[in-house]
>>> print(open('model.cif').read())   # mmCIF, C-alpha atoms
data_my_file
loop_
_atom_site.label_atom_id
_atom_site.label_comp_id
_atom_site.auth_asym_id
_atom_site.auth_seq_id
_atom_site.Cartn_x
_atom_site.Cartn_y
_atom_site.Cartn_z
CA MET A 14 -17.03 -16.17 -14.46
CA LYS A 15 -20.30 -18.02 -14.81
CA LYS A 16 -23.38 -18.04 -12.60
CA ASP A 17 -26.24 -20.50 -12.41
CA GLU A 18 -29.22 -20.92 -10.09
CA HIS A 19 -29.70 -24.24 -8.31
CA SER A 20 -31.77 -25.71 -5.51
CA ASP A 21 -31.94 -28.92 -3.51
CA LYS A 22 -35.08 -31.00 -3.10
CA GLY A 23 -36.12 -28.85 -0.17
CA ASP A 24 -36.26 -25.08 0.29
CA LEU A 25 -32.55 -24.32 -0.02
CA GLN A 26 -31.52 -22.40 -3.12
CA TRP A 27 -28.08 -21.26 -4.12
CA GLN A 28 -26.21 -19.52 -6.90
CA LEU A 29 -23.20 -21.27 -8.41
CA ARG A 30 -20.25 -19.16 -9.50
CA VAL A 31 -17.29 -20.63 -11.37
CA SER A 32 -14.19 -18.52 -10.74
CA SER A 33 -10.77 -18.86 -12.33
CA LYS A 34 -9.32 -17.13 -9.25
CA ALA A 35 -10.78 -19.60 -6.73
CA ARG A 36 -8.38 -22.21 -5.37
CA TYR A 37 -11.00 -24.30 -3.58
CA ALA A 38 -14.77 -24.62 -3.29
CA ARG A 39 -16.53 -22.54 -0.67
CA LEU A 40 -19.98 -21.49 0.48
CA ARG A 41 -20.71 -17.89 1.34
CA ILE A 42 -23.74 -15.90 2.37
CA MET A 43 -23.97 -12.81 0.19
CA PRO A 44 -25.15 -9.57 1.84
CA PHE A 45 -28.92 -9.86 1.34
CA GLY A 46 -28.23 -11.99 -1.71
CA GLY A 47 -28.69 -15.53 -0.46
CA LEU A 48 -26.30 -18.47 -0.65
CA GLU A 49 -23.49 -18.54 -3.20
CA VAL A 50 -21.27 -21.53 -3.98
CA VAL A 51 -17.91 -20.58 -5.50
CA ILE A 52 -15.89 -23.29 -7.23
CA PRO A 53 -12.61 -23.34 -9.20
CA THR A 54 -12.84 -23.87 -12.94
CA ARG A 55 -11.87 -27.55 -12.76
CA PHE A 56 -14.02 -28.43 -9.75
CA PRO A 57 -16.54 -31.20 -10.73
CA ARG A 58 -20.01 -29.70 -10.75
CA LYS A 59 -21.53 -33.04 -9.81
CA LEU A 60 -19.97 -32.62 -6.36
CA VAL A 61 -21.58 -29.24 -5.65
CA ALA A 62 -24.97 -30.58 -4.51
CA GLY A 63 -23.25 -32.85 -2.00
CA LEU A 64 -21.16 -29.94 -0.73
CA VAL A 65 -24.29 -27.87 -0.18
CA ALA A 66 -26.08 -30.77 1.52
CA GLU A 67 -23.14 -31.24 3.88
CA HIS A 68 -23.42 -27.63 5.06
CA ALA A 69 -27.19 -27.22 4.62
CA ASP A 70 -27.92 -26.68 8.33
CA TRP A 71 -25.32 -23.92 8.54
CA ALA A 72 -26.65 -22.29 5.37
CA ARG A 73 -30.28 -22.34 6.54
CA HIS A 74 -29.29 -20.86 9.88
CA GLN A 75 -27.36 -18.01 8.24
CA LEU A 76 -30.14 -17.34 5.73
CA ALA A 77 -32.70 -17.18 8.56
CA ARG A 78 -30.56 -14.60 10.33
CA GLN A 79 -30.33 -12.68 7.07
CA ALA A 80 -34.12 -12.66 6.73
CA GLN A 81 -34.50 -11.28 10.27
CA LEU A 82 -32.02 -8.53 9.47
CA ARG A 83 -33.95 -7.55 6.37
CA GLU A 84 -37.07 -7.06 8.47
CA SER A 85 -35.25 -4.63 10.76
CA ILE A 86 -33.83 -2.36 8.04
CA SER A 87 -35.38 1.07 7.58
CA LEU A 88 -34.55 3.90 5.21
CA PRO A 89 -32.47 6.82 6.52
CA SER A 90 -33.67 10.37 7.20
CA GLU A 91 -30.40 11.73 5.80
CA LEU A 92 -27.67 10.51 3.51
CA ARG A 93 -24.00 10.87 4.41
CA LEU A 94 -21.31 10.36 1.78
CA ASP A 95 -17.75 9.98 3.06
CA PHE A 96 -16.39 10.73 -0.42
CA ASP A 97 -17.09 14.45 -0.06
CA GLY A 98 -18.20 14.60 3.58
CA SER A 99 -21.69 15.72 2.61
CA THR A 100 -24.87 15.08 4.58
CA THR A 101 -28.16 15.54 2.73
CA ALA A 102 -31.64 15.44 4.24
CA ILE A 103 -34.19 13.07 2.71
CA ARG A 104 -37.93 13.67 2.41
CA TYR A 105 -40.21 10.81 1.47
CA HIS A 106 -43.57 11.27 -0.25
CA SER A 107 -46.16 8.73 -1.28
CA ALA A 108 -46.86 8.81 -5.01
CA PRO A 109 -50.48 10.11 -4.81
CA GLU A 110 -49.25 13.33 -3.16
CA ARG A 111 -47.59 14.42 -6.40
CA VAL A 112 -48.63 14.92 -9.98
CA GLN A 113 -47.63 11.90 -12.00
CA GLY A 114 -44.54 12.55 -14.09
CA GLU A 115 -43.53 15.64 -12.11
CA LEU A 116 -39.86 15.73 -11.19
CA PHE A 117 -38.51 17.71 -8.24
CA ILE A 118 -34.88 18.74 -8.54
CA ASP A 119 -32.81 20.54 -5.94
CA PRO A 120 -29.79 21.95 -7.82
CA ALA A 121 -27.77 22.27 -4.61
CA ASP A 122 -28.68 18.74 -3.46
CA GLU A 123 -29.74 20.21 -0.11
CA VAL A 124 -32.73 17.88 0.08
CA ILE A 125 -33.37 14.52 -1.59
CA GLU A 126 -37.01 14.21 -2.59
CA ILE A 127 -38.14 10.57 -2.85
CA GLU A 128 -41.53 9.72 -4.30
CA ALA A 129 -42.60 6.11 -3.70
CA ASP A 130 -45.46 4.03 -2.34
CA ASP A 131 -43.37 1.53 -0.36
CA GLN A 132 -39.89 1.01 1.07
CA ARG A 133 -38.65 -1.08 -1.84
CA ALA A 134 -39.61 1.60 -4.35
CA ALA A 135 -38.18 4.33 -2.12
CA SER A 136 -34.81 2.58 -1.77
CA ALA A 137 -34.66 2.12 -5.55
CA GLU A 138 -35.27 5.86 -6.01
CA LEU A 139 -32.59 6.67 -3.44
CA ARG A 140 -30.11 4.40 -5.21
CA HIS A 141 -30.94 6.19 -8.46
CA TRP A 142 -30.11 9.52 -6.80
CA ILE A 143 -26.74 8.13 -5.67
CA ARG A 144 -26.04 6.81 -9.17
CA GLN A 145 -26.65 10.25 -10.66
CA ARG A 146 -24.46 11.87 -8.01
CA ALA A 147 -21.68 9.37 -8.74
CA ARG A 148 -21.90 10.13 -12.46
CA ARG A 149 -21.28 13.79 -11.68
CA GLN A 150 -18.50 13.37 -9.14
CA LEU A 151 -16.44 10.30 -10.02
CA PRO A 152 -15.51 10.88 -13.71
CA PRO A 153 -13.93 14.32 -13.06
CA LEU A 154 -11.77 12.84 -10.30
CA LEU A 155 -10.73 9.95 -12.55
CA GLN A 156 -9.69 12.45 -15.21
CA GLU A 157 -7.72 14.38 -12.62
CA VAL A 158 -5.92 11.24 -11.44
CA SER A 159 -5.31 10.20 -15.05
CA THR A 160 -3.73 13.55 -15.86
CA HIS A 161 -1.59 13.47 -12.72
CA THR A 162 -0.29 9.94 -13.31
CA GLY A 163 -0.04 10.14 -17.09
CA LEU A 164 -2.08 6.94 -17.35
CA ALA A 165 -4.71 7.41 -20.05
CA TYR A 166 -8.01 5.54 -20.34
CA ASN A 167 -10.63 5.25 -23.04
CA ARG A 168 -14.06 5.60 -21.43
CA VAL A 169 -15.57 5.51 -17.95
CA SER A 170 -18.91 4.08 -16.83
CA ILE A 171 -20.65 4.14 -13.44
CA ARG A 172 -22.41 0.99 -12.24
CA SER A 173 -23.85 -0.62 -9.11
CA GLN A 174 -21.62 -3.68 -8.80
CA ARG A 175 -22.09 -6.25 -6.05
CA THR A 176 -18.48 -7.34 -5.58
CA ARG A 177 -16.08 -5.05 -7.44
CA TRP A 178 -15.20 -1.46 -6.61
CA GLY A 179 -13.94 -0.99 -10.16
CA SER A 180 -12.61 -2.73 -13.25
CA CYS A 181 -10.65 -2.05 -16.43
CA SER A 182 -11.17 -3.75 -19.78
CA ASN A 183 -8.53 -4.64 -22.35
CA ARG A 184 -9.70 -1.61 -24.33
CA GLY A 185 -8.93 0.76 -21.50
CA ASN A 186 -12.57 1.22 -20.49
CA ILE A 187 -12.88 1.77 -16.73
CA SER A 188 -15.98 0.95 -14.70
CA LEU A 189 -16.48 2.50 -11.27
CA ASN A 190 -18.92 1.40 -8.59
CA ASP A 191 -21.36 4.10 -7.48
CA GLN A 192 -20.92 2.82 -3.91
CA LEU A 193 -17.49 4.47 -3.92
CA LEU A 194 -19.31 7.59 -2.73
CA PHE A 195 -19.59 5.92 0.68
CA LEU A 196 -15.77 5.64 0.89
CA PRO A 197 -13.22 8.35 1.78
CA ALA A 198 -11.85 10.28 -1.20
CA ASP A 199 -8.24 9.14 -0.71
CA THR A 200 -9.32 5.51 -0.88
CA VAL A 201 -11.33 6.23 -4.03
CA LYS A 202 -8.30 7.92 -5.59
CA TYR A 203 -6.22 4.83 -4.89
CA LEU A 204 -8.84 2.61 -6.52
CA MET A 205 -8.67 4.83 -9.58
CA ILE A 206 -4.86 4.58 -9.65
CA HIS A 207 -5.21 0.80 -9.39
CA GLU A 208 -7.57 0.62 -12.37
CA LEU A 209 -5.54 3.09 -14.42
CA CYS A 210 -2.46 0.91 -13.90
CA HIS A 211 -4.43 -1.90 -15.49
CA THR A 212 -4.39 0.08 -18.73
CA ARG A 213 -0.67 -0.82 -18.84
CA HIS A 214 -0.80 -4.25 -17.21
CA LEU A 215 -4.12 -6.11 -17.40
CA ASN A 216 -3.09 -8.46 -14.59
CA HIS A 217 -1.67 -8.41 -11.06
CA SER A 218 1.91 -9.18 -12.04
CA LYS A 219 5.02 -7.83 -10.37
CA ALA A 220 5.24 -5.17 -13.08
CA PHE A 221 1.68 -4.09 -12.28
CA TRP A 222 2.35 -3.67 -8.56
CA THR A 223 5.61 -1.86 -9.28
CA LEU A 224 3.65 0.66 -11.35
CA VAL A 225 1.02 0.99 -8.62
CA GLN A 226 3.71 1.66 -6.03
CA GLU A 227 5.29 4.26 -8.28
CA HIS A 228 2.07 6.28 -8.23
CA CYS A 229 0.94 5.34 -4.71
CA PRO A 230 3.77 4.32 -2.35
CA GLY A 231 1.32 3.45 0.45
CA TYR A 232 -0.87 1.27 -1.73
CA ARG A 233 -0.82 -1.69 0.68
CA ALA A 234 -2.68 0.28 3.33
CA HIS A 235 -5.25 1.36 0.76
CA GLU A 236 -5.68 -2.23 -0.46
CA LYS A 237 -6.38 -3.31 3.10
CA ARG A 238 -8.83 -0.46 3.59
CA LEU A 239 -10.67 -1.36 0.39
CA GLY A 240 -11.06 -4.91 1.62
CA GLN A 241 -12.66 -3.63 4.81
CA SER A 242 -14.87 -0.98 3.24
CA ARG A 243 -17.96 -3.02 2.41
CA ASN A 244 -19.32 -2.24 5.86
CA LEU A 245 -19.39 1.45 4.89
CA VAL A 246 -22.18 0.75 2.40
CA PRO A 247 -25.57 1.07 4.18
CA ASP A 248 -27.66 -2.05 4.70
CA TRP A 249 -30.67 -0.54 2.91
CA PHE A 250 -28.51 -0.04 -0.21
CA LEU A 251 -27.22 -3.61 -0.15
CA LEU A 252 -30.70 -4.99 0.43
CA ASP A 253 -32.04 -3.29 -2.69
CA LEU A 254 -28.92 -4.11 -4.71
CA PHE A 255 -29.07 -7.84 -4.05
CA ALA A 256 -32.84 -8.18 -3.92
CA GLY A 257 -33.06 -6.64 -7.37
CA ARG A 258 -31.07 -9.39 -9.08
#
>>> encode(input="model.cif", output="structure tokens")
Amino acid sequence: MKKDEHSDKGDLQWQLRVSSKARYARLRIMPFGGLEVVIPTRFPRKLVAGLVAEHADWARHQLARQAQLRESISLPSELRLDFDGSTTAIRYHSAPERVQGELFIDPADEVIEIEADDQRAASAELRHWIRQRARRQLPPLLQEVSTHTGLAYNRVSIRSQRTRWGSCSNRGNISLNDQLLFLPADTVKYLMIHELCHTRHLNHSKAFWTLVQEHCPGYRAHEKRLGQSRNLVPDWFLLDLFAGR
């Protein structure tokens, strides 16, 4: 997968992604991430600019709507995580109100203390809190699922990925998206089973899906739920995730 930045002679900019999984070229508006053009590996790159020009009016209209939505987004007063059903209050402070370098920690996570001078900085701090929470909660569950299924892995890492809920390398290293905390625990467990099955079959072959079904007979329902779960991630999180590219 390769990505490049491009622009036309006007104000329209887009990101080009070459995907071996794509069957045809398409334009898509990423959540707060601008215009992306996805093309198959053998699609002639010289045709991309013409494809964008053909749909430029549509793209500008969608990007304008996206900009209006960004203006309406505000940070939450509490954070709810479907993964464990928790709801945590958030208190925001401007930086001058605290001693520089002082860190406030609530061991019980009863209150999230955010120190920032503006919304962008505050959302980045809130995402950092979620990342730390994910690093505490997701690896133990992965180990539990691994033990239950008998599917071993090498290492686990927690990231903020824009498109994938998780991945598995050919060395058995599993990466989990910190946004999984916004999903129900049973869906997260299925995602972990899915990635653990990749330690045996690093593809989506019939043998892979047979193994998945062995450990999760209702996997099709979970696959469908995963595909519909992006709307569970708050807009403020997505805005910071994509704006920070």
>>> closest_residue(input="model.cif", among="A:Ala165, A:Ile143, A:Ile103, A:Leu224", to="Leu193 (chain A)", atoms="all atoms listed in the file")
A:Ile143
>>> residues_around(input="model.cif", residues="Asn167 (chain A)", least_positions_apart="3", cutoff="12 Å", atoms="all atoms listed in the file", output="short mmCIF file (atom, residue, chain, number, x, y, z; two decimals) with C-alpha atoms, in the coordinates of the input")
data_model
loop_
_atom_site.label_atom_id
_atom_site.label_comp_id
_atom_site.auth_asym_id
_atom_site.auth_seq_id
_atom_site.Cartn_x
_atom_site.Cartn_y
_atom_site.Cartn_z
CA PRO A 152 -15.51 10.88 -13.71
CA LEU A 155 -10.73 9.95 -12.55
CA GLN A 156 -9.69 12.45 -15.21
CA SER A 159 -5.31 10.20 -15.05
CA LEU A 164 -2.08 6.94 -17.35
CA SER A 170 -18.91 4.08 -16.83
CA CYS A 181 -10.65 -2.05 -16.43
CA SER A 182 -11.17 -3.75 -19.78
CA ASN A 183 -8.53 -4.64 -22.35
CA ARG A 184 -9.70 -1.61 -24.33
CA GLY A 185 -8.93 0.76 -21.50
CA ASN A 186 -12.57 1.22 -20.49
CA ILE A 187 -12.88 1.77 -16.73
CA SER A 188 -15.98 0.95 -14.70
CA LEU A 209 -5.54 3.09 -14.42
CA THR A 212 -4.39 0.08 -18.73
#
>>> residues_around(input="model.cif", residues="Gly231 (chain A)", least_positions_apart="5", cutoff="12 Å", atoms="all atoms listed in the file", output="PyMOL selection string")
chain A and resi 199-200+203+206+222-223+225-226+236-238
>>> residues_around(input="model.cif", residues="Ser136 (chain A)", least_positions_apart="4", cutoff="9 Å", atoms="all atoms listed in the file", output="VMD selection string")
chain A and resid 88 127 129 131 to 132 140 to 141 249 to 250 252 to 253
>>> resolve_selection(input="model.cif", expression="the PyMOL selection byres ((chain A and resi 189) around 12)", output="PDB file with C-alpha atoms, in the frame of the given file")
ATOM      1  CA  ARG A 144     -26.040   6.810  -9.170  1.00  0.00           C
ATOM      2  CA  ALA A 147     -21.680   9.370  -8.740  1.00  0.00           C
ATOM      3  CA  ARG A 148     -21.900  10.130 -12.460  1.00  0.00           C
ATOM      4  CA  GLN A 150     -18.500  13.370  -9.140  1.00  0.00           C
ATOM      5  CA  LEU A 151     -16.440  10.300 -10.020  1.00  0.00           C
ATOM      6  CA  PRO A 152     -15.510  10.880 -13.710  1.00  0.00           C
ATOM      7  CA  LEU A 154     -11.770  12.840 -10.300  1.00  0.00           C
ATOM      8  CA  LEU A 155     -10.730   9.950 -12.550  1.00  0.00           C
ATOM      9  CA  ARG A 168     -14.060   5.600 -21.430  1.00  0.00           C
ATOM     10  CA  VAL A 169     -15.570   5.510 -17.950  1.00  0.00           C
ATOM     11  CA  SER A 170     -18.910   4.080 -16.830  1.00  0.00           C
ATOM     12  CA  ILE A 171     -20.650   4.140 -13.440  1.00  0.00           C
ATOM     13  CA  ARG A 172     -22.410   0.990 -12.240  1.00  0.00           C
ATOM     14  CA  SER A 173     -23.850  -0.620  -9.110  1.00  0.00           C
ATOM     15  CA  GLN A 174     -21.620  -3.680  -8.800  1.00  0.00           C
ATOM     16  CA  ARG A 175     -22.090  -6.250  -6.050  1.00  0.00           C
ATOM     17  CA  THR A 176     -18.480  -7.340  -5.580  1.00  0.00           C
ATOM     18  CA  ARG A 177     -16.080  -5.050  -7.440  1.00  0.00           C
ATOM     19  CA  TRP A 178     -15.200  -1.460  -6.610  1.00  0.00           C
ATOM     20  CA  GLY A 179     -13.940  -0.990 -10.160  1.00  0.00           C
ATOM     21  CA  SER A 180     -12.610  -2.730 -13.250  1.00  0.00           C
ATOM     22  CA  CYS A 181     -10.650  -2.050 -16.430  1.00  0.00           C
ATOM     23  CA  SER A 182     -11.170  -3.750 -19.780  1.00  0.00           C
ATOM     24  CA  ASN A 186     -12.570   1.220 -20.490  1.00  0.00           C
ATOM     25  CA  ILE A 187     -12.880   1.770 -16.730  1.00  0.00           C
ATOM     26  CA  SER A 188     -15.980   0.950 -14.700  1.00  0.00           C
ATOM     27  CA  ASN A 190     -18.920   1.400  -8.590  1.00  0.00           C
ATOM     28  CA  ASP A 191     -21.360   4.100  -7.480  1.00  0.00           C
ATOM     29  CA  GLN A 192     -20.920   2.820  -3.910  1.00  0.00           C
ATOM     30  CA  LEU A 193     -17.490   4.470  -3.920  1.00  0.00           C
ATOM     31  CA  LEU A 194     -19.310   7.590  -2.730  1.00  0.00           C
ATOM     32  CA  VAL A 201     -11.330   6.230  -4.030  1.00  0.00           C
ATOM     33  CA  LYS A 202      -8.300   7.920  -5.590  1.00  0.00           C
ATOM     34  CA  LEU A 204      -8.840   2.610  -6.520  1.00  0.00           C
ATOM     35  CA  MET A 205      -8.670   4.830  -9.580  1.00  0.00           C
ATOM     36  CA  ILE A 206      -4.860   4.580  -9.650  1.00  0.00           C
ATOM     37  CA  HIS A 207      -5.210   0.800  -9.390  1.00  0.00           C
ATOM     38  CA  GLU A 208      -7.570   0.620 -12.370  1.00  0.00           C
ATOM     39  CA  LEU A 209      -5.540   3.090 -14.420  1.00  0.00           C
TER      40      LEU A 209
END
>>> closest_residue(input="model.cif", among="A:Pro89, A:Arg78, A:Ala72, A:Arg41", to="Asp248 (chain A)", atoms="all atoms listed in the file")
A:Pro89
>>> atom_distance(input="model.cif", atom1="CA of Leu64 (chain A)", atom2="CA of Leu251 (chain A)")
27.0 Å
>>> atom_distance(input="model.cif", atom1="CA of Pro197 (chain A)", atom2="CA of Leu94 (chain A)")
8.3 Å
>>> closest_residue(input="model.cif", among="A:His228, A:Arg243, A:Arg36, A:Arg30", to="Thr162 (chain A)", atoms="all atoms listed in the file")
A:His228
>>> atom_distance(input="model.cif", atom1="CA of Thr101 (chain A)", atom2="CA of Glu126 (chain A)")
10.4 Å
>>> residues_around(input="model.cif", residues="region 51-58 of chain A", least_positions_apart="2", cutoff="12 Å", atoms="all atoms listed in the file", output="PyMOL selection string")
chain A and resi 14-17+19+27-43+48-49+60-65
